[in-house]
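Worksheet: one structure, shown below.
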Amino acid sequence: MNRPVLIVGSAPRITIPLARSLHGHGVPVEVASFSEVEPPSWSRAVSNFIRLPSPDPGTDQSSAFLEFLMRLISRRRYDMLIPANDPALALISRHDECLRELLYVACPPPQVVQRVLNKSLTLEIARKAGIHTPSTYRVSNPAELAALSSQLRFPLVAKPCNKGDEMDFKVRYFQTYELLHHALAADDNFGSNLLLQEFAPGDGVGIEVLMHRDEPVAIFQHRRLKEVPASGGVAAVAIAEPLEPTLVEQAVALLRALEWEGVAMVEFRHDCSRHHSSLMEVNGRYWGTLALAVQAGRDFPWYEWQIAHGEEPAVPLNYSTGARWRWSAGYVSRWHDLAKSSARKALKHPAGLKELIPSCADLAPRDALWDPADPMPAIGELLRTVKDLAVSDVKGIVRALRPAGLRNQSPGAAKTP
């Protein structure tokens, strides 16, 4: 009887395919989350869900979190811990020494993890390895932005510099200097952890790799066909592709330079017409399109479990290419954003409404979460998404109907006598 695995982090499109893979091979799976906004993982593949205490660093809560987690590991007899998102990866890495004495931790040592959580470090190591990266800047306030104004080429992409920090955005695009200056001036926190990059044309391409002892055990490639947000972000529709030798060579070279052990996705912007690629980042954990890789014949979670237990994975030479994949909740969010944008422009540009009509190719592919034998993860996430979008729309309408002088006041703000 296999001992259970603990997944920390409850991002459905990552956690559920990961749990289903291991469950399908007879490995019990439990999921824990320390985030109040992450939903429980209600799936037949997940035998238990645990809400962990807050791990705020520098407070008594951090010690309480570690003590709770260590007691949980001993009581439930887990023999493997897998961080499923960047905040979980950062947190587990922070307590690496204590946890590694109790079980197998599915990530490298802290100094290696930091090389992928800190995007500036990732890009620096990539440049030394001869991999092309976009021009990158650190700007924290309008004064620093003004000093760099002559060097900046728009559009620019803004990202959190440290992936371990929980931010309210993954990526934002700025078409002009004025828009970026306004964003920095309006919110002091916006520039506190900000990385600016020149826009790299092309499609988002992910090279997923399982590294063991400096060698790739399994490799997979996908291309994003539609993203959420539509301007660029994470995959809403993706396709499994044959391996592009140049991208694979660069990805493996970078992971070796990082001294990476375990799973990772190396993300590029790839311009096929120009035969040119730029490194975007490295995700040092399982990625959002994991279900596509497993469906295509690259069962990364099972291979990693086998390595952790001293077994040698039997990885097929080839995998299925051409299969499409859709993240339905993300697709709905994308459509919603496009609908709001198109409604404002419909009178001047009615042709823009065509993008709101789903194509057969979008509706046909396999879903990130849907499984008729285990339907609740897909249904639950889709219902949560529709509810959140509806609540957001109602709040927007209420704000728009309020008198102009009250729009910037909080709901509980007292009126000036």
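The way I read the labels, and the way they are meant: chains A, B, ... in the order of the structure tokens, residue 1 as the first residue of every chain, and ligand 1 as the first ligand shown, with later ones counted on from there.
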
Item to check | Selection near Ala291 of chain A, 8 Å with only C-alpha atoms, sequence-local residues under 3 positions removed, as an MDAnalysis selection string | outcome: chainID A and resid 13:14 17:18 288 294:295 368:369

Using only C-alpha atoms, find each residue of segment 175-242 of chain A with at least one atom at most 7 Å away from an atom of segment 270-280 of chain A; report its shortest atom-to-atom pair and that distance in Å (one decimal), sort the rows by chain and rising residue number, and return the result as a tab-separated table.
```
residue	atom	partner	partner_atom	distance
A:Ala200	CA	A:Ser278	CA	6.8
A:Pro201	CA	A:Asp271	CA	6.2
A:Gly202	CA	A:Asp271	CA	4.0
A:Asp203	CA	A:His270	CA	5.3
A:Gly204	CA	A:His270	CA	6.4
A:Val205	CA	A:His270	CA	6.4
```

Checklist entry - Quick one: DSSP strand (DSSP E) residues in segment 32-109 of chain A, as a VMD selection string? => result chain A and resid 32 to 33 48 to 51 80 to 83 104 to 105

Same residues, all heavy atoms, output as a short mmCIF file (atom, residue, chain, number, x, y, z; two decimals), in the first residue's frame:
```cif
data_model
loop_
_atom_site.label_atom_id
_atom_site.label_comp_id
_atom_site.auth_asym_id
_atom_site.auth_seq_id
_atom_site.Cartn_x
_atom_site.Cartn_y
_atom_site.Cartn_z
N ALA A 32 -3.64 20.46 0.68
CA ALA A 32 -3.69 21.46 1.74
C ALA A 32 -3.50 22.83 1.14
O ALA A 32 -2.78 22.99 0.14
CB ALA A 32 -2.61 21.18 2.79
N SER A 33 -4.11 23.83 1.75
CA SER A 33 -3.97 25.21 1.29
C SER A 33 -3.88 26.14 2.48
O SER A 33 -4.59 25.98 3.47
CB SER A 33 -5.15 25.61 0.41
OG SER A 33 -5.07 26.99 0.08
N ASN A 48 -8.60 13.93 0.99
CA ASN A 48 -8.76 14.82 2.13
C ASN A 48 -8.28 16.21 1.75
O ASN A 48 -7.32 16.36 0.99
CB ASN A 48 -7.95 14.30 3.32
CG ASN A 48 -8.29 15.01 4.62
OD1 ASN A 48 -9.38 15.54 4.77
ND2 ASN A 48 -7.34 15.03 5.55
N PHE A 49 -8.97 17.25 2.27
CA PHE A 49 -8.54 18.63 2.07
C PHE A 49 -8.34 19.28 3.43
O PHE A 49 -9.21 19.18 4.31
CB PHE A 49 -9.58 19.41 1.26
CG PHE A 49 -9.22 20.87 1.08
CD1 PHE A 49 -8.33 21.26 0.09
CD2 PHE A 49 -9.75 21.83 1.93
CE1 PHE A 49 -7.97 22.60 -0.05
CE2 PHE A 49 -9.41 23.17 1.78
CZ PHE A 49 -8.52 23.55 0.79
N ILE A 50 -7.19 19.94 3.61
CA ILE A 50 -6.84 20.56 4.89
C ILE A 50 -6.59 22.05 4.69
O ILE A 50 -5.87 22.44 3.76
CB ILE A 50 -5.57 19.92 5.49
CG1 ILE A 50 -5.74 18.40 5.61
CG2 ILE A 50 -5.24 20.55 6.84
CD1 ILE A 50 -5.02 17.62 4.56
N ARG A 51 -7.21 22.86 5.53
CA ARG A 51 -6.95 24.29 5.51
C ARG A 51 -5.84 24.59 6.53
O ARG A 51 -6.03 24.42 7.74
CB ARG A 51 -8.22 25.06 5.85
CG ARG A 51 -8.11 26.56 5.66
CD ARG A 51 -8.04 26.95 4.20
NE ARG A 51 -9.29 26.76 3.49
CZ ARG A 51 -9.45 27.06 2.19
NH1 ARG A 51 -8.44 27.54 1.49
NH2 ARG A 51 -10.60 26.85 1.59
N MET A 80 5.72 12.24 0.58
CA MET A 80 6.11 13.15 -0.50
C MET A 80 5.25 14.40 -0.41
O MET A 80 4.03 14.31 -0.18
CB MET A 80 5.92 12.46 -1.86
CG MET A 80 6.41 13.26 -3.04
SD MET A 80 6.24 12.27 -4.57
CE MET A 80 6.97 13.37 -5.78
N LEU A 81 5.88 15.56 -0.59
CA LEU A 81 5.17 16.84 -0.56
C LEU A 81 5.45 17.57 -1.87
O LEU A 81 6.61 17.71 -2.28
CB LEU A 81 5.64 17.68 0.63
CG LEU A 81 4.92 18.99 0.91
CD1 LEU A 81 5.06 19.37 2.39
CD2 LEU A 81 5.45 20.14 0.06
N ILE A 82 4.36 18.03 -2.53
CA ILE A 82 4.48 18.69 -3.83
C ILE A 82 3.88 20.08 -3.76
O ILE A 82 2.66 20.22 -3.57
CB ILE A 82 3.77 17.88 -4.93
CG1 ILE A 82 4.31 16.46 -4.99
CG2 ILE A 82 3.94 18.58 -6.29
CD1 ILE A 82 3.56 15.55 -5.98
N PRO A 83 4.67 21.15 -3.91
CA PRO A 83 4.10 22.49 -4.01
C PRO A 83 3.49 22.70 -5.39
O PRO A 83 4.12 22.40 -6.41
CB PRO A 83 5.30 23.41 -3.78
CG PRO A 83 6.49 22.59 -4.15
CD PRO A 83 6.14 21.16 -3.92
N TYR A 104 10.00 13.34 1.33
CA TYR A 104 10.59 13.80 0.06
C TYR A 104 9.90 15.10 -0.35
O TYR A 104 8.68 15.15 -0.50
CB TYR A 104 10.39 12.74 -1.02
CG TYR A 104 11.03 13.10 -2.35
CD1 TYR A 104 12.31 12.65 -2.66
CD2 TYR A 104 10.35 13.86 -3.29
CE1 TYR A 104 12.91 12.97 -3.88
CE2 TYR A 104 10.93 14.19 -4.50
CZ TYR A 104 12.20 13.74 -4.79
OH TYR A 104 12.78 14.05 -5.99
N VAL A 105 10.67 16.17 -0.50
CA VAL A 105 10.15 17.47 -0.92
C VAL A 105 10.41 17.63 -2.41
O VAL A 105 11.57 17.63 -2.85
CB VAL A 105 10.80 18.61 -0.12
CG1 VAL A 105 10.24 19.96 -0.57
CG2 VAL A 105 10.57 18.41 1.38
#
```

Checklist entry - Within 7 Å of segment 37-46 of chain A, counting only C-alpha atoms, which residues qualify if same-chain residues fewer than 6 places away don't, as a PyMOL selection string? => result chain A and resi 10-11+19-20+23+29-31+374+376-377

Item to check | One-decimal distance in Å that lies between atom CA of Lys119 of chain A and atom CA of Val228 of chain A | outcome: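 Between atom CA of Val228 of chain A and atom CA of Lys119 of chain A the gap is 21.1 Å.
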
Checklist entry - Just asking: which residues within segment 132-179 of chain A are helix (DSSP H, G or I) according to DSSP, as a list in words? => result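 Matching residues, listed in order: Pro142, Ala143, Glu144, Leu145, Ala146, Ala147, Tyr177, Glu178 and Leu179 of chain A.
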
So that I can check the surroundings of Gly284 of chain A, please list as a compact mmCIF listing (two decimals) with N, CA and C atoms, in the first residue's frame every protein, DNA and RNA residue that reaches within 10 Å of it, counting only C-alpha atoms and ignoring chain neighbours fewer than 3 positions away.
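Heads up, here's the output in part_13.txt:
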```
# COMPACT_ATOMS: atom_id res chain seq x y z
N PRO A 83 4.67 21.15 -3.91
CA PRO A 83 4.10 22.49 -4.01
C PRO A 83 3.49 22.70 -5.39
N ALA A 84 2.24 23.21 -5.44
CA ALA A 84 1.51 23.27 -6.71
C ALA A 84 1.39 24.66 -7.28
N ASN A 85 1.89 25.69 -6.59
CA ASN A 85 1.89 27.04 -7.15
C ASN A 85 3.08 27.80 -6.58
N ASP A 86 3.30 29.02 -7.05
CA ASP A 86 4.49 29.76 -6.65
C ASP A 86 4.50 30.15 -5.17
N LEU A 89 5.48 27.08 -3.37
CA LEU A 89 6.89 26.78 -3.61
C LEU A 89 7.78 27.65 -2.74
N CYS A 107 10.98 19.65 -4.77
CA CYS A 107 11.56 20.87 -5.33
C CYS A 107 13.02 20.90 -4.91
N PRO A 108 13.85 21.68 -5.58
CA PRO A 108 15.27 21.73 -5.23
C PRO A 108 15.50 22.49 -3.92
N VAL A 112 18.39 27.24 -4.98
CA VAL A 112 18.04 26.96 -6.38
C VAL A 112 16.63 27.46 -6.67
N VAL A 113 15.70 27.22 -5.76
CA VAL A 113 14.32 27.69 -5.93
C VAL A 113 14.29 29.20 -6.12
N GLN A 114 15.14 29.91 -5.37
CA GLN A 114 15.16 31.37 -5.45
C GLN A 114 15.55 31.85 -6.84
N ARG A 115 16.30 31.06 -7.57
CA ARG A 115 16.72 31.46 -8.92
C ARG A 115 15.57 31.49 -9.91
N VAL A 116 14.48 30.79 -9.63
CA VAL A 116 13.31 30.87 -10.52
C VAL A 116 12.21 31.75 -9.96
N LEU A 117 12.15 31.88 -8.63
CA LEU A 117 11.15 32.78 -8.05
C LEU A 117 11.50 34.24 -8.31
N LEU A 255 17.89 25.07 -17.49
CA LEU A 255 17.62 24.31 -16.27
C LEU A 255 18.91 23.74 -15.69
N TRP A 260 18.61 22.86 -11.68
CA TRP A 260 17.25 22.48 -11.32
C TRP A 260 17.09 20.97 -11.24
N GLU A 261 16.31 20.53 -10.26
CA GLU A 261 15.94 19.13 -10.09
C GLU A 261 14.44 19.06 -9.93
N GLY A 262 13.79 18.23 -10.76
CA GLY A 262 12.34 18.09 -10.68
C GLY A 262 11.66 18.68 -11.90
N VAL A 263 10.37 19.00 -11.76
CA VAL A 263 9.60 19.51 -12.90
C VAL A 263 9.73 21.03 -13.00
N ALA A 264 9.63 21.52 -14.22
CA ALA A 264 9.64 22.96 -14.48
C ALA A 264 9.10 23.21 -15.88
N MET A 265 8.54 24.39 -16.08
CA MET A 265 8.16 24.82 -17.41
C MET A 265 8.97 26.06 -17.77
N VAL A 266 9.66 25.98 -18.89
CA VAL A 266 10.41 27.13 -19.41
C VAL A 266 9.54 27.78 -20.47
N GLU A 281 10.02 33.36 -18.66
CA GLU A 281 10.23 33.00 -17.26
C GLU A 281 10.35 31.49 -17.13
N TRP A 287 2.55 23.20 -14.08
CA TRP A 287 2.04 24.31 -14.87
C TRP A 287 0.54 24.15 -15.14
```

Next on the checklist: Please compute the atom CA of Leu6 of chain A-atom CA of Phe65 of chain A distance, one decimal, in Å.
Outcome noted: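 About the pair atom CA of Leu6 of chain A and atom CA of Phe65 of chain A: they are 15.3 Å apart.
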